[in-house]
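Shown below: run18.cif, with mmCIF, C-alpha atoms and all ligand atoms.
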data_query
loop_
_atom_site.label_atom_id
_atom_site.label_comp_id
_atom_site.auth_asym_id
_atom_site.auth_seq_id
_atom_site.Cartn_x
_atom_site.Cartn_y
_atom_site.Cartn_z
CA MET N 2 13.94 -8.48 -6.84
CA PHE N 3 11.27 -7.16 -4.54
CA LYS N 4 10.64 -3.43 -4.50
CA ASP N 5 7.81 -2.28 -2.32
CA ARG N 6 8.65 1.42 -2.51
CA VAL N 7 9.57 3.33 -5.65
CA VAL N 8 9.89 6.97 -6.65
CA LEU N 9 7.78 8.20 -9.54
CA TYR N 10 8.35 11.43 -11.46
CA ALA N 11 5.04 12.44 -12.96
CA ARG N 12 4.82 15.18 -15.57
CA ALA N 13 1.37 16.12 -16.76
CA GLY N 14 0.91 17.78 -20.14
CA ASP N 15 0.84 21.58 -20.49
CA GLY N 16 -2.29 23.18 -21.82
CA GLY N 17 -2.08 24.35 -25.43
CA ASP N 18 -2.02 28.12 -26.10
CA GLY N 19 -5.12 29.86 -27.32
CA ALA N 20 -4.91 31.21 -30.87
CA ALA N 21 -4.99 34.81 -32.10
CA SER N 22 -6.52 34.67 -35.54
CA PHE N 23 -9.00 36.62 -37.69
CA ARG N 24 -11.63 35.45 -40.05
CA ARG N 25 -10.61 35.71 -43.68
CA GLU N 26 -13.39 35.42 -46.16
CA LYS N 27 -13.74 36.67 -49.69
CA PHE N 28 -16.47 39.21 -49.17
CA VAL N 29 -15.82 40.08 -45.55
CA PRO N 30 -12.92 42.53 -45.60
CA ARG N 31 -12.31 42.79 -41.88
CA GLY N 32 -13.39 39.50 -40.33
CA GLY N 33 -13.67 39.23 -36.58
CA PRO N 34 -11.41 37.23 -34.28
CA ASP N 35 -11.74 33.47 -34.67
CA GLY N 36 -8.83 32.06 -32.63
CA GLY N 37 -9.82 28.82 -30.86
CA ASP N 38 -8.83 27.63 -27.42
CA GLY N 39 -5.87 25.43 -26.67
CA GLY N 40 -6.48 21.81 -25.66
CA ASN N 41 -6.03 20.68 -22.07
CA GLY N 42 -2.84 18.87 -21.10
CA GLY N 43 -3.13 15.16 -20.29
CA ASN N 44 -3.19 13.88 -16.70
CA VAL N 45 -0.96 11.25 -15.19
CA VAL N 46 -3.24 8.64 -13.65
CA LEU N 47 -2.54 5.56 -11.53
CA GLU N 48 -4.99 2.69 -11.71
CA ALA N 49 -5.19 -0.46 -9.58
CA ASP N 50 -5.08 -3.59 -11.69
CA PRO N 51 -5.24 -7.08 -10.18
CA GLN N 52 -3.13 -8.44 -13.06
CA VAL N 53 -0.18 -6.39 -11.88
CA ASP N 54 1.55 -7.72 -8.81
CA SER N 55 4.61 -5.57 -8.31
CA LEU N 56 6.00 -2.08 -8.74
CA VAL N 57 8.86 -3.35 -10.81
CA ASP N 58 7.67 -1.62 -14.00
CA LEU N 59 7.65 1.73 -12.25
CA TYR N 60 11.04 1.00 -10.81
CA PHE N 61 12.54 0.63 -14.27
CA ARG N 62 10.52 3.45 -15.85
CA PRO N 63 10.19 6.09 -13.17
CA HIS N 64 9.32 8.97 -15.50
CA ALA N 65 5.70 9.25 -16.53
CA ARG N 66 4.75 11.95 -19.04
CA ALA N 67 1.38 12.83 -20.42
CA GLN N 68 0.91 14.68 -23.70
CA HIS N 69 0.64 18.45 -24.02
CA GLY N 70 -2.58 19.99 -25.27
CA GLY N 71 -2.58 21.21 -28.88
CA ARG N 72 -2.64 24.91 -29.78
CA GLY N 73 -5.89 26.52 -30.73
CA ARG N 74 -6.27 27.40 -34.39
CA GLY N 75 -8.19 29.74 -36.62
CA LYS N 76 -11.84 29.18 -37.52
CA LYS N 77 -12.46 28.73 -33.79
CA MET N 78 -10.82 25.34 -33.90
CA HIS N 79 -9.88 24.03 -30.48
CA GLY N 80 -6.56 22.35 -29.92
CA LYS N 81 -6.62 18.65 -29.21
CA ASP N 82 -6.56 17.54 -25.58
CA GLY N 83 -3.30 15.83 -24.67
CA ALA N 84 -3.48 12.06 -24.11
CA GLU N 85 -3.31 10.99 -20.49
CA CYS N 86 -0.60 8.72 -19.20
CA ARG N 87 -2.15 5.82 -17.33
CA LEU N 88 0.01 3.57 -15.18
CA ARG N 89 -1.24 0.28 -13.82
CA VAL N 90 -0.25 -0.63 -10.30
CA PRO N 91 -1.11 -3.51 -7.98
CA CYS N 92 -4.16 -3.43 -5.74
CA GLY N 93 -2.98 -2.22 -2.36
CA THR N 94 -0.84 0.64 -3.65
CA VAL N 95 -0.33 3.71 -1.49
CA ILE N 96 0.48 7.07 -3.06
CA ARG N 97 2.54 9.57 -1.08
CA ASP N 98 3.75 13.04 -1.85
CA GLY N 99 7.47 12.71 -2.55
CA GLU N 100 8.36 15.85 -0.59
CA SER N 101 6.20 15.70 2.53
CA GLY N 102 5.69 11.95 2.63
CA GLU N 103 2.00 12.53 3.23
CA VAL N 104 -0.41 9.87 2.03
CA GLU N 105 -2.54 11.17 -0.84
CA GLY N 106 -4.51 8.14 -1.64
CA GLU N 107 -4.77 4.42 -1.72
CA LEU N 108 -5.77 2.21 -4.59
CA VAL N 109 -7.30 -0.82 -3.01
CA GLU N 110 -9.71 -2.44 -5.39
CA ALA N 111 -9.48 -3.22 -9.07
CA GLY N 112 -10.28 -0.11 -11.08
CA ASP N 113 -9.59 2.40 -8.28
CA GLU N 114 -7.77 5.31 -9.84
CA ARG N 115 -6.23 8.62 -8.97
CA VAL N 116 -4.88 11.57 -10.89
CA VAL N 117 -1.39 12.20 -9.51
CA ALA N 118 -0.45 15.05 -11.83
CA ARG N 119 -3.07 17.24 -13.45
CA GLY N 120 -2.66 18.58 -16.96
CA GLY N 121 -2.65 22.35 -17.55
CA ARG N 122 -5.80 23.98 -18.91
CA GLY N 123 -5.84 25.08 -22.49
CA GLY N 124 -5.49 28.84 -23.06
CA LEU N 125 -8.30 30.97 -24.50
CA GLY N 126 -8.32 32.05 -28.11
CA ASN N 127 -8.81 35.69 -29.06
CA CYS N 128 -12.46 35.10 -29.97
CA HIS N 129 -13.18 35.33 -26.23
CA PHE N 130 -11.82 38.81 -25.95
CA THR N 131 -14.03 40.93 -28.18
CA SER N 132 -15.70 43.81 -26.42
CA SER N 133 -17.63 46.91 -27.49
CA THR N 134 -14.44 48.92 -27.65
CA ASN N 135 -12.19 46.29 -29.14
CA ARG N 136 -13.56 44.46 -32.13
CA ALA N 137 -10.23 43.05 -33.17
CA PRO N 138 -8.45 41.80 -30.05
CA ARG N 139 -5.06 40.23 -30.51
CA ARG N 140 -5.24 38.98 -27.00
CA PHE N 141 -5.19 35.26 -26.18
CA THR N 142 -3.97 33.36 -23.13
CA PRO N 143 -1.21 30.79 -23.00
CA GLY N 144 -1.95 27.26 -21.80
CA GLY N 145 -1.40 26.54 -18.12
CA PRO N 146 1.54 24.39 -17.09
CA GLY N 147 0.92 20.76 -16.20
CA ASP N 148 1.84 19.51 -12.73
CA GLU N 149 5.34 18.22 -12.32
CA ARG N 150 5.62 16.07 -9.23
CA ARG N 151 7.71 13.58 -7.38
CA LEU N 152 5.76 10.83 -5.65
CA THR N 153 6.54 7.82 -3.57
CA ILE N 154 4.58 4.75 -4.49
CA GLU N 155 4.37 1.95 -1.96
CA LEU N 156 2.96 -1.49 -1.95
CA LYS N 157 1.21 -2.74 1.10
CA ILE N 158 1.90 -6.35 1.74
CA VAL N 159 -0.78 -8.70 0.74
CA ALA N 160 -0.46 -11.89 2.72
CA HIS N 161 -2.99 -14.41 3.90
CA ALA N 162 -1.88 -14.21 7.48
CA GLY N 163 0.21 -11.77 9.48
CA LEU N 164 2.21 -12.50 12.63
CA VAL N 165 1.34 -9.88 15.20
CA GLY N 166 3.05 -9.52 18.53
CA TYR N 167 5.37 -7.60 20.79
CA PRO N 168 9.09 -7.65 20.02
CA ASN N 169 10.88 -10.88 20.94
CA ALA N 170 7.71 -12.96 21.05
CA GLY N 171 9.20 -15.35 18.50
CA LYS N 172 7.44 -14.32 15.30
CA SER N 173 10.49 -14.65 13.10
CA THR N 174 11.49 -17.93 14.68
CA LEU N 175 8.02 -19.27 13.90
CA LEU N 176 8.10 -18.11 10.29
CA SER N 177 11.50 -19.67 9.73
CA ARG N 178 10.06 -22.97 11.00
CA ILE N 179 6.91 -23.13 8.92
CA SER N 180 8.26 -21.69 5.68
CA ALA N 181 11.50 -21.51 3.77
CA ALA N 182 11.90 -17.82 4.68
CA LYS N 183 15.02 -16.98 6.66
CA PRO N 184 14.17 -13.95 8.77
CA LYS N 185 16.80 -12.86 11.24
CA VAL N 186 16.19 -14.15 14.76
CA ALA N 187 17.81 -12.57 17.79
CA GLY N 188 17.24 -12.10 21.50
CA TYR N 189 16.76 -8.35 21.27
CA PRO N 190 13.65 -6.37 20.32
CA PHE N 191 13.09 -5.01 16.81
CA THR N 192 15.23 -7.58 15.12
CA THR N 193 12.76 -7.49 12.29
CA LEU N 194 12.43 -4.01 10.80
CA ASN N 195 10.89 -4.84 7.48
CA PRO N 196 8.11 -7.29 6.87
CA ILE N 197 9.15 -10.57 5.38
CA ILE N 198 6.84 -12.96 3.65
CA GLY N 199 7.18 -16.70 3.86
CA THR N 200 5.23 -19.20 1.86
CA VAL N 201 3.85 -22.11 3.83
CA LYS N 202 3.50 -25.04 1.44
CA PHE N 203 1.14 -27.94 1.82
CA ASP N 204 1.33 -31.49 0.46
CA ASP N 205 -1.35 -30.85 -2.14
CA TYR N 206 0.77 -28.08 -3.72
CA THR N 207 -1.34 -25.30 -2.29
CA SER N 208 0.23 -22.65 -0.10
CA VAL N 209 -0.48 -19.61 2.02
CA ARG N 210 1.64 -16.52 2.44
CA VAL N 211 2.48 -15.49 5.97
CA ALA N 212 3.98 -12.10 6.77
CA ASP N 213 6.44 -11.63 9.60
CA ILE N 214 5.64 -8.14 10.79
CA PRO N 215 7.95 -6.14 13.04
CA GLY N 216 7.04 -6.15 16.72
CA LEU N 217 4.44 -3.64 17.86
CA ILE N 218 4.94 -1.40 20.83
CA ASP N 219 2.47 0.47 22.98
CA GLY N 220 1.40 3.66 21.27
CA ALA N 221 1.96 2.24 17.80
CA HIS N 222 -1.47 3.51 16.75
CA GLU N 223 -0.31 7.04 17.54
CA GLY N 224 2.70 6.57 15.33
CA VAL N 225 5.13 5.89 18.19
CA GLY N 226 8.33 4.40 16.82
CA LEU N 227 7.58 3.02 13.40
CA GLY N 228 4.07 2.19 14.55
CA PHE N 229 2.21 3.33 11.45
CA ASP N 230 4.58 1.54 9.14
CA PHE N 231 4.04 -1.72 10.94
CA LEU N 232 0.31 -1.34 11.33
CA ARG N 233 -0.25 -0.63 7.67
CA HIS N 234 1.29 -4.00 6.84
CA ILE N 235 -1.09 -5.69 9.23
CA GLU N 236 -3.95 -4.06 7.38
CA ARG N 237 -3.16 -6.06 4.28
CA THR N 238 -3.42 -9.49 5.82
CA GLU N 239 -6.61 -11.48 5.99
CA VAL N 240 -6.00 -13.35 9.22
CA LEU N 241 -4.07 -12.25 12.28
CA LEU N 242 -1.87 -14.72 14.09
CA PHE N 243 -1.15 -13.30 17.51
CA VAL N 244 2.19 -14.56 18.76
CA LEU N 245 2.46 -14.33 22.55
CA ASP N 246 5.44 -15.05 24.72
CA MET N 247 3.52 -17.35 27.06
CA ALA N 248 6.51 -17.67 29.36
CA GLY N 249 6.22 -13.99 30.15
CA SER N 250 9.95 -13.41 29.71
CA GLU N 251 11.29 -10.03 30.83
CA GLY N 252 8.42 -9.55 33.23
CA ARG N 253 5.72 -9.52 30.58
CA ASP N 254 2.28 -10.85 31.27
CA PRO N 255 0.85 -12.66 28.25
CA VAL N 256 -2.77 -12.04 29.29
CA GLU N 257 -2.13 -8.33 29.46
CA ASP N 258 0.01 -8.41 26.28
CA TYR N 259 -2.87 -9.87 24.34
CA GLN N 260 -5.39 -7.27 25.52
CA ARG N 261 -2.97 -4.44 24.82
CA LEU N 262 -2.11 -5.72 21.35
CA ARG N 263 -5.76 -5.89 20.44
CA GLY N 264 -6.22 -2.42 21.88
CA GLU N 265 -3.47 -1.05 19.63
CA LEU N 266 -5.04 -2.59 16.56
CA ARG N 267 -8.51 -1.35 17.48
CA CYS N 268 -7.28 2.19 18.02
CA TYR N 269 -5.57 2.16 14.66
CA ARG N 270 -8.48 0.70 12.79
CA GLU N 271 -11.62 -0.52 14.48
CA ASP N 272 -12.32 -3.40 12.11
CA LEU N 273 -8.90 -5.03 12.58
CA ASP N 274 -10.36 -6.47 15.74
CA GLU N 275 -13.07 -8.20 13.74
CA ARG N 276 -10.63 -10.00 11.51
CA PRO N 277 -10.33 -13.76 11.97
CA ARG N 278 -7.52 -14.51 14.39
CA LEU N 279 -5.67 -17.30 16.06
CA ILE N 280 -3.69 -17.05 19.26
CA LEU N 281 -0.33 -18.75 19.28
CA ALA N 282 1.05 -19.41 22.75
CA ASN N 283 4.78 -19.51 22.10
CA LYS N 284 7.75 -20.49 24.29
CA MET N 285 5.83 -23.36 25.91
CA ASP N 286 9.21 -25.03 26.53
CA LEU N 287 9.93 -22.53 29.31
CA PRO N 288 8.84 -23.32 32.89
CA GLU N 289 6.47 -20.41 33.55
CA ALA N 290 4.52 -21.04 30.37
CA ASP N 291 2.13 -23.74 31.63
CA ASP N 292 0.67 -21.71 34.46
CA ASN N 293 0.33 -18.66 32.26
CA LEU N 294 -1.46 -20.69 29.62
CA LYS N 295 -3.95 -22.01 32.16
CA ARG N 296 -4.63 -18.51 33.36
CA PHE N 297 -4.90 -17.27 29.78
CA ARG N 298 -7.40 -19.96 28.83
CA ALA N 299 -9.48 -19.32 31.92
CA GLY N 300 -9.99 -15.75 30.77
CA THR N 301 -10.95 -16.35 27.16
CA ASP N 302 -12.91 -18.74 24.98
CA GLU N 303 -10.84 -18.04 21.88
CA SER N 304 -8.82 -20.80 20.32
CA VAL N 305 -5.24 -20.95 21.51
CA LEU N 306 -2.51 -23.16 20.05
CA PRO N 307 0.40 -23.91 22.37
CA LEU N 308 3.76 -24.22 20.68
CA SER N 309 7.46 -23.82 20.93
CA ALA N 310 8.82 -22.28 17.78
CA ALA N 311 12.36 -22.73 18.98
CA ALA N 312 11.93 -26.42 19.81
CA GLY N 313 9.78 -27.03 16.74
CA GLU N 314 6.76 -28.22 18.72
CA GLY N 315 3.15 -27.55 17.82
CA LEU N 316 4.06 -26.34 14.34
CA ASP N 317 1.95 -28.95 12.56
CA ALA N 318 -1.11 -27.63 14.34
CA VAL N 319 -0.35 -24.12 13.05
CA ARG N 320 0.08 -25.42 9.53
CA SER N 321 -3.15 -27.41 9.61
CA TRP N 322 -5.07 -24.50 11.04
CA LEU N 323 -3.88 -22.36 8.12
CA ALA N 324 -4.66 -25.10 5.60
CA GLY N 325 -8.14 -25.50 7.07
CA HIS N 326 -8.88 -21.82 7.29
CA PHE N 327 -7.93 -21.11 3.70
CA SER N 328 -9.04 -24.45 2.24
CA LYS N 329 -11.98 -22.95 0.34
CA ASP N 330 -9.90 -20.61 -1.78
CA LEU N 331 -6.56 -22.33 -1.83
CA SER N 332 -7.03 -24.26 -5.05
CA ARG N 333 -7.76 -20.99 -6.82
CA ARG N 334 -4.71 -19.39 -5.32
CA ALA N 335 -2.38 -22.23 -6.12
CA ASP N 336 -2.49 -21.57 -9.84
CA SER N 337 -2.82 -17.82 -9.66
N1 LIG N 401 12.63 -20.59 24.79
C1 LIG N 401 12.14 -20.18 23.62
N2 LIG N 401 12.68 -19.13 23.01
C2 LIG N 401 12.18 -18.73 21.84
C3 LIG N 401 11.09 -19.41 21.21
N3 LIG N 401 10.81 -18.79 20.07
C4 LIG N 401 11.68 -17.76 19.95
N4 LIG N 401 12.53 -17.73 21.01
C5 LIG N 401 13.62 -16.78 21.25
O1 LIG N 401 13.09 -15.48 21.44
C6 LIG N 401 13.98 -14.50 20.90
C7 LIG N 401 13.22 -13.63 19.92
O2 LIG N 401 12.86 -14.40 18.78
P1 LIG N 401 12.47 -13.74 17.38
O3 LIG N 401 11.92 -14.83 16.55
O4 LIG N 401 13.59 -12.92 16.85
O5 LIG N 401 11.32 -12.78 17.88
P2 LIG N 401 10.46 -11.72 17.03
O6 LIG N 401 9.08 -11.78 17.56
O7 LIG N 401 10.63 -11.94 15.59
O8 LIG N 401 11.13 -10.37 17.49
P3 LIG N 401 11.19 -8.93 16.71
O9 LIG N 401 11.59 -9.18 15.30
O10 LIG N 401 12.22 -8.19 17.47
O11 LIG N 401 9.83 -8.34 16.85
C8 LIG N 401 15.12 -15.28 20.28
O12 LIG N 401 16.17 -15.30 21.20
C9 LIG N 401 14.55 -16.64 20.07
O13 LIG N 401 15.53 -17.64 20.08
C10 LIG N 401 10.54 -20.55 21.90
O14 LIG N 401 9.60 -21.22 21.45
N5 LIG N 401 11.11 -20.87 23.10
MG MG N 402 11.41 -10.77 14.20
#
What would you get if you wrote out this structure as structure tokens?
Amino acid sequence: MFKDRVVLYARAGDGGDGAASFRREKFVPRGGPDGGDGGNGGNVVLEADPQVDSLVDLYFRPHARAQHGGRGRGKKMHGKDGAECRLRVPCGTVIRDGESGEVEGELVEAGDERVVARGGRGGLGNCHFTSSTNRAPRRFTPGGPGDERRLTIELKIVAHAGLVGYPNAGKSTLLSRISAAKPKVAGYPFTTLNPIIGTVKFDDYTSVRVADIPGLIDGAHEGVGLGFDFLRHIERTEVLLFVLDMAGSEGRDPVEDYQRLRGELRCYREDLDERPRLILANKMDLPEADDNLKRFRAGTDESVLPLSAAAGEGLDAVRSWLAGHFSKDLSRRADS
């Protein structure tokens, strides 16, 4: 089962109450106030851990509770601080407020952490409340309540390569041809609404993971449509495979498509444009494709692989490019 979004109920510990207590000693008949402070409540903390690779633990245990702080005691003894509750999540976890949906933080690298529910502060004991007019205060303060929150925890996809393109370019068709994944393919836009990952396997038992990402549209970087959702998946891929409809079906112009796609990515996040990329000229089986490809190549010196995902042509070149690009770290990945 693959869960990339789960709900988490986080309950931080309450602060312990301060104490109201008076010194009792043999030869001091009316001892002063000696009530200690309450301990602080524990926080609920999320921490990125590379050993964890899914949110499945959170899915089965969605309630996280930290300990309450202890009460203050006499002899100015402070209550114990409540133990925190620390949950380990995969690198690439996004934390959102469960009510507003707003992103609160992202845990990207090992050891990144964030307090998602803060424990209440311990109350003050009566020893804080002596004054010139009141030598024997009975006053103390109760501990503060710990945060109680609902959060949405999401996992950004982590794939070696992501298929980026306009709707209907043939991304899903390609993935179904180079991996065992079975994404839905259809002749209408936005067939793919959720990213799907396929594993491309090589003869030497190594593999790379390729993500089929839903088609982008103009304005995606401004959140048009589901723009942000799609772009954040692209963020978590190391290499971008641009899939272009080189036949220019439905009046599209592949040269323009490519510039606009890159523009969308750049506007969303400048450095996406610096990521390694490969251009895949798809639908080369259609008549208009040859001329378009010539024109495309004339305008760029980037590497372009012509293929026809539907006819199964040019796929070996895509596979070998991936094998070559990731060759350095594939052996490590194979057994991880
Ligand atoms: N002629 C031709 N048609 C293709 C080729 N590849 C894909 N198609 C067709 O193009 C249409 C869209 O293919 P998909 O693979 O669903 O495209 P997509 O990029 O995943 O589309 P979205 O998920 O909507 O973004 C389908 O009708 C495919 O059969 C190709 O190489 N040649
Ligand atoms: Mg698709």
* Asked: So how many Å separate atom CA of N:Val244 and atom CA of N:Asp5, to one decimal?
  ->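 Those two atoms sit 25.0 Å apart.
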* Expressed in Å to a single decimal, how great is the separation between atom CA of N:Gly70 and atom CA of N:Leu152? ->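 Between atom CA of N:Gly70 and atom CA of N:Leu152 the gap is 23.2 Å.
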* Please identify the residues whose atoms come within 7 Å of ligand LIG 401 (chain N), using all atoms listed in the file, and report them as a PyMOL selection string. => chain N and resi 166-175+185-194+215-216+283-287+308-312
* Which residue out of N:Gly163, N:Ile179, N:Asn293, N:Asp50 has the minimum interatomic distance to N:Leu232 when only C-alpha atoms are used? -> N:Gly163
Protein/DNA/RNA residues near (3.5, 18.6, -13.7), cut 8 Å, only C-alpha atoms, as a PDB file with C-alpha atoms, keeping the file's coordinate frame:
ATOM      1  CA  ALA N  11       5.040  12.440 -12.960  1.00  0.00           C
ATOM      2  CA  ARG N  12       4.820  15.180 -15.570  1.00  0.00           C
ATOM      3  CA  ALA N  13       1.370  16.120 -16.760  1.00  0.00           C
ATOM      4  CA  GLY N  14       0.910  17.780 -20.140  1.00  0.00           C
ATOM      5  CA  ASP N  15       0.840  21.580 -20.490  1.00  0.00           C
ATOM      6  CA  ALA N 118      -0.450  15.050 -11.830  1.00  0.00           C
ATOM      7  CA  ARG N 119      -3.070  17.240 -13.450  1.00  0.00           C
ATOM      8  CA  GLY N 120      -2.660  18.580 -16.960  1.00  0.00           C
ATOM      9  CA  PRO N 146       1.540  24.390 -17.090  1.00  0.00           C
ATOM     10  CA  GLY N 147       0.920  20.760 -16.200  1.00  0.00           C
ATOM     11  CA  ASP N 148       1.840  19.510 -12.730  1.00  0.00           C
ATOM     12  CA  GLU N 149       5.340  18.220 -12.320  1.00  0.00           C
ATOM     13  CA  ARG N 150       5.620  16.070  -9.230  1.00  0.00           C
TER      14      ARG N 150
END
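Distance annotation: of N:Arg136, N:Leu279, N:Arg261, N:Ile197, the residue with the minimal separation from N:Ala318 is N:Leu279; atom set is all atoms listed in the file.
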* **Minimum-distance residue to N:Glu48, chosen among N:Gly106, N:Gly124, N:Pro143, N:Gly264 (using all atoms listed in the file)** =>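 Distance minimum relative to N:Glu48 lands on N:Gly106.
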* Asked: Quick one: of N:Cys268, N:Val319, N:Ile198, N:Ala282, who's nearest to ligand MG 402 (chain N), counting only C-alpha atoms and all ligand atoms?
  ->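 Among the listed residues, the smallest separation from ligand MG 402 (chain N) belongs to N:Ile198.
Take the candidates N:Arg178, N:Tyr259, N:Gly75, N:Pro30 and check each one against N:Lys202 using all atoms listed in the file; the shortest distance goes to N:Arg178.
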